[in-house]
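Trainee: My questions will all concern the structure given below.
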Amino acid sequence: MRSTIFIKRSLFFLFASIFLLVSNAQQPLDTAAIAQITGIKGKSNNGEYKITIPQNDLSVEVDGFKIIPPMGLGTWVDFAPTKDGAMIMGDIILTETDLKPVQQEVIKQGLTITAIHNHFVRNHPNVIYMHIGGSGKTDEMARKAKAVLDKVADARGHNPASGSVTDVPYSIETKKLDDILGYKGEMSKGVYKYTIGRPDVSLKEHGVAVTTFMGFNTWAAFQGSPDHAAVAGDFTMLEDEVAPVIKTLIENGIEVVAVHNHMVHEQPRIFFLHYWGVGNAEQLAKGLKAALDQTGKKGTSGKMNM
């Protein structure tokens, strides 16, 4: 009799555990629905889905260098699967006149604004980056993201992705940069870009893993010639890495132009730093390598498109 009761209890707990696992499991994203609702074909990566809108309509210049989408001028929204649907994180690029109506639309849609900041200084015209977040049913998140993106187009009077941009000049020997940094980049329209993840940090926002694909990465984008190059990028840092990274960059002649958050509920706490450098390409790469050595696990390598 006792054994029968024991078996029944064991089966009850087994089925209860299975039920909890199934009910808490993340469901695959309906990427076809996201693409249909937003009208934008995105890219999938390990269960996530990202839509990207290059800001082809913005003619931005910094210190005589043209800033094109591969140099950090692309709006994006990433969808990550959750048990209830999707969590979205996005980085929306705005002009000074876009900012007010677009942030009003974000709030109207019930999404959150987690950061507003610059990526450059001395940029003409001025551009602003606004990070947004939210979670819910996948189709609802897609409609909310579309409403925000439509508001940007409405504020500018056209689709930011319409048209195209020409390549910028590039004559740097990429292999030398690869050898210095210990990574391989990717070329796009005259910009050679590295995207470096942080596999040493298990980052979560509202309990959902934040990946390299979702913007948790350090990146560097080069253009120009061997003796007159420009590099722009973003460092991802734990709190104890902030001071040494800033010190190293500045000591190597690379300008720190912004330090800020991208998220507000992340665990562990993460800071993001934007930088800009002009000069000899190899010297800039050496300065970046010295700063990279202040973060994470040294000697790892890899690449991932943003």
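Letters for chains follow the order of the structure tokens (A, B, ...), residue numbers begin at 1 for each chain, and ligand numbers begin at 1 in the order shown.
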So that I can check the surroundings of A:Gly253, please list as a PyMOL selection string every protein, DNA and RNA residue that reaches within 10 Å of it, counting only C-alpha atoms and ignoring chain neighbours fewer than 4 positions away.
Mentor: chain A and resi 248-249+276-279+283-284+287
Trainee: Per DSSP on the backbone, filter stretch 113-274 of chain A down to the residues in strand (DSSP E or B) and report them as number ranges by chain.
Mentor: A: 113-117, 123-124, 127-136, 170, 186-188, 191-197, 204-205, 208-209, 217-224, 229-238, 255-260, 266-267, 270-274
Trainee: Could you list, as an MDAnalysis selection string, every residue within 12 Å of A:Val148, counting only C-alpha atoms and ignoring same-chain residues fewer than 3 positions away?
Mentor: chainID A and resid 38 75:77 90:94 98:113 130:133 141:145 151:155
Trainee: Within 10 Å of A:Pro81, counting only C-alpha atoms, which residues show up once you throw out same-chain ones fewer than 3 positions away? Write them as a count of residues only, please.
Mentor: 20
Trainee: Determine the nearest neighbour of A:Asp63 from the options A:Thr212, A:Asn123, A:Thr166, A:Gln267, counting only C-alpha atoms.
Mentor: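 Ranking A:Thr212, A:Asn123, A:Thr166, A:Gln267 by distance to A:Asp63, first place goes to A:Asn123.
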Trainee: For a quick check of understanding, using only C-alpha atoms, which of A:Ile254, A:Leu238, A:Met214, A:Ala243 has the smallest distance to A:Lys43?
Mentor: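 Ranked by minimum distance to A:Lys43, first place goes to A:Met214.
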Trainee: Using DSSP on the backbone coordinates, identify the residues of stretch 175-264 of chain A assigned to alpha helix (DSSP H); present them as a VMD selection string.
Mentor: chain A and resid 175 to 181 242 to 251
Trainee: When you count only C-alpha atoms, which of these residues is closest to A:Gly185: A:Ile34, A:Val242, A:Ala220, A:Ile67?
Mentor: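 The closest residue to A:Gly185 is A:Ala220.
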Trainee: Please provide as an NGL selection string all residues within 9 Å of stretch 169-182 of chain A, with the sequence filter that same-chain residues fewer than 2 positions apart are discarded (counting only C-alpha atoms).
Mentor: :A and (167 or 184-185 or 189-192 or 222-227 or 229 or 281-282 or 285-286 or 288-289 or 292 or 299-302)
Trainee: So, with only C-alpha atoms as the atoms that count, which of A:Asn261, A:Asn159, A:Ser44, A:Ser202 lies closest to A:Thr31?
Mentor: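 Once distances to A:Thr31 are computed over only C-alpha atoms, the minimum belongs to A:Ser44.
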Trainee: My list of candidates is A:Ser162, A:Ile250, A:Gly64, A:Asn280. Which is closest to A:His228 when distances are computed with only C-alpha atoms?
Mentor: A:Asn280
Trainee: Contacts of A:Pro244 at 9 Å or less, counting only C-alpha atoms, minus same-chain residues fewer than 6 places along, as JSON, numbers by chain?
Mentor: {"A": [291, 294, 295]}
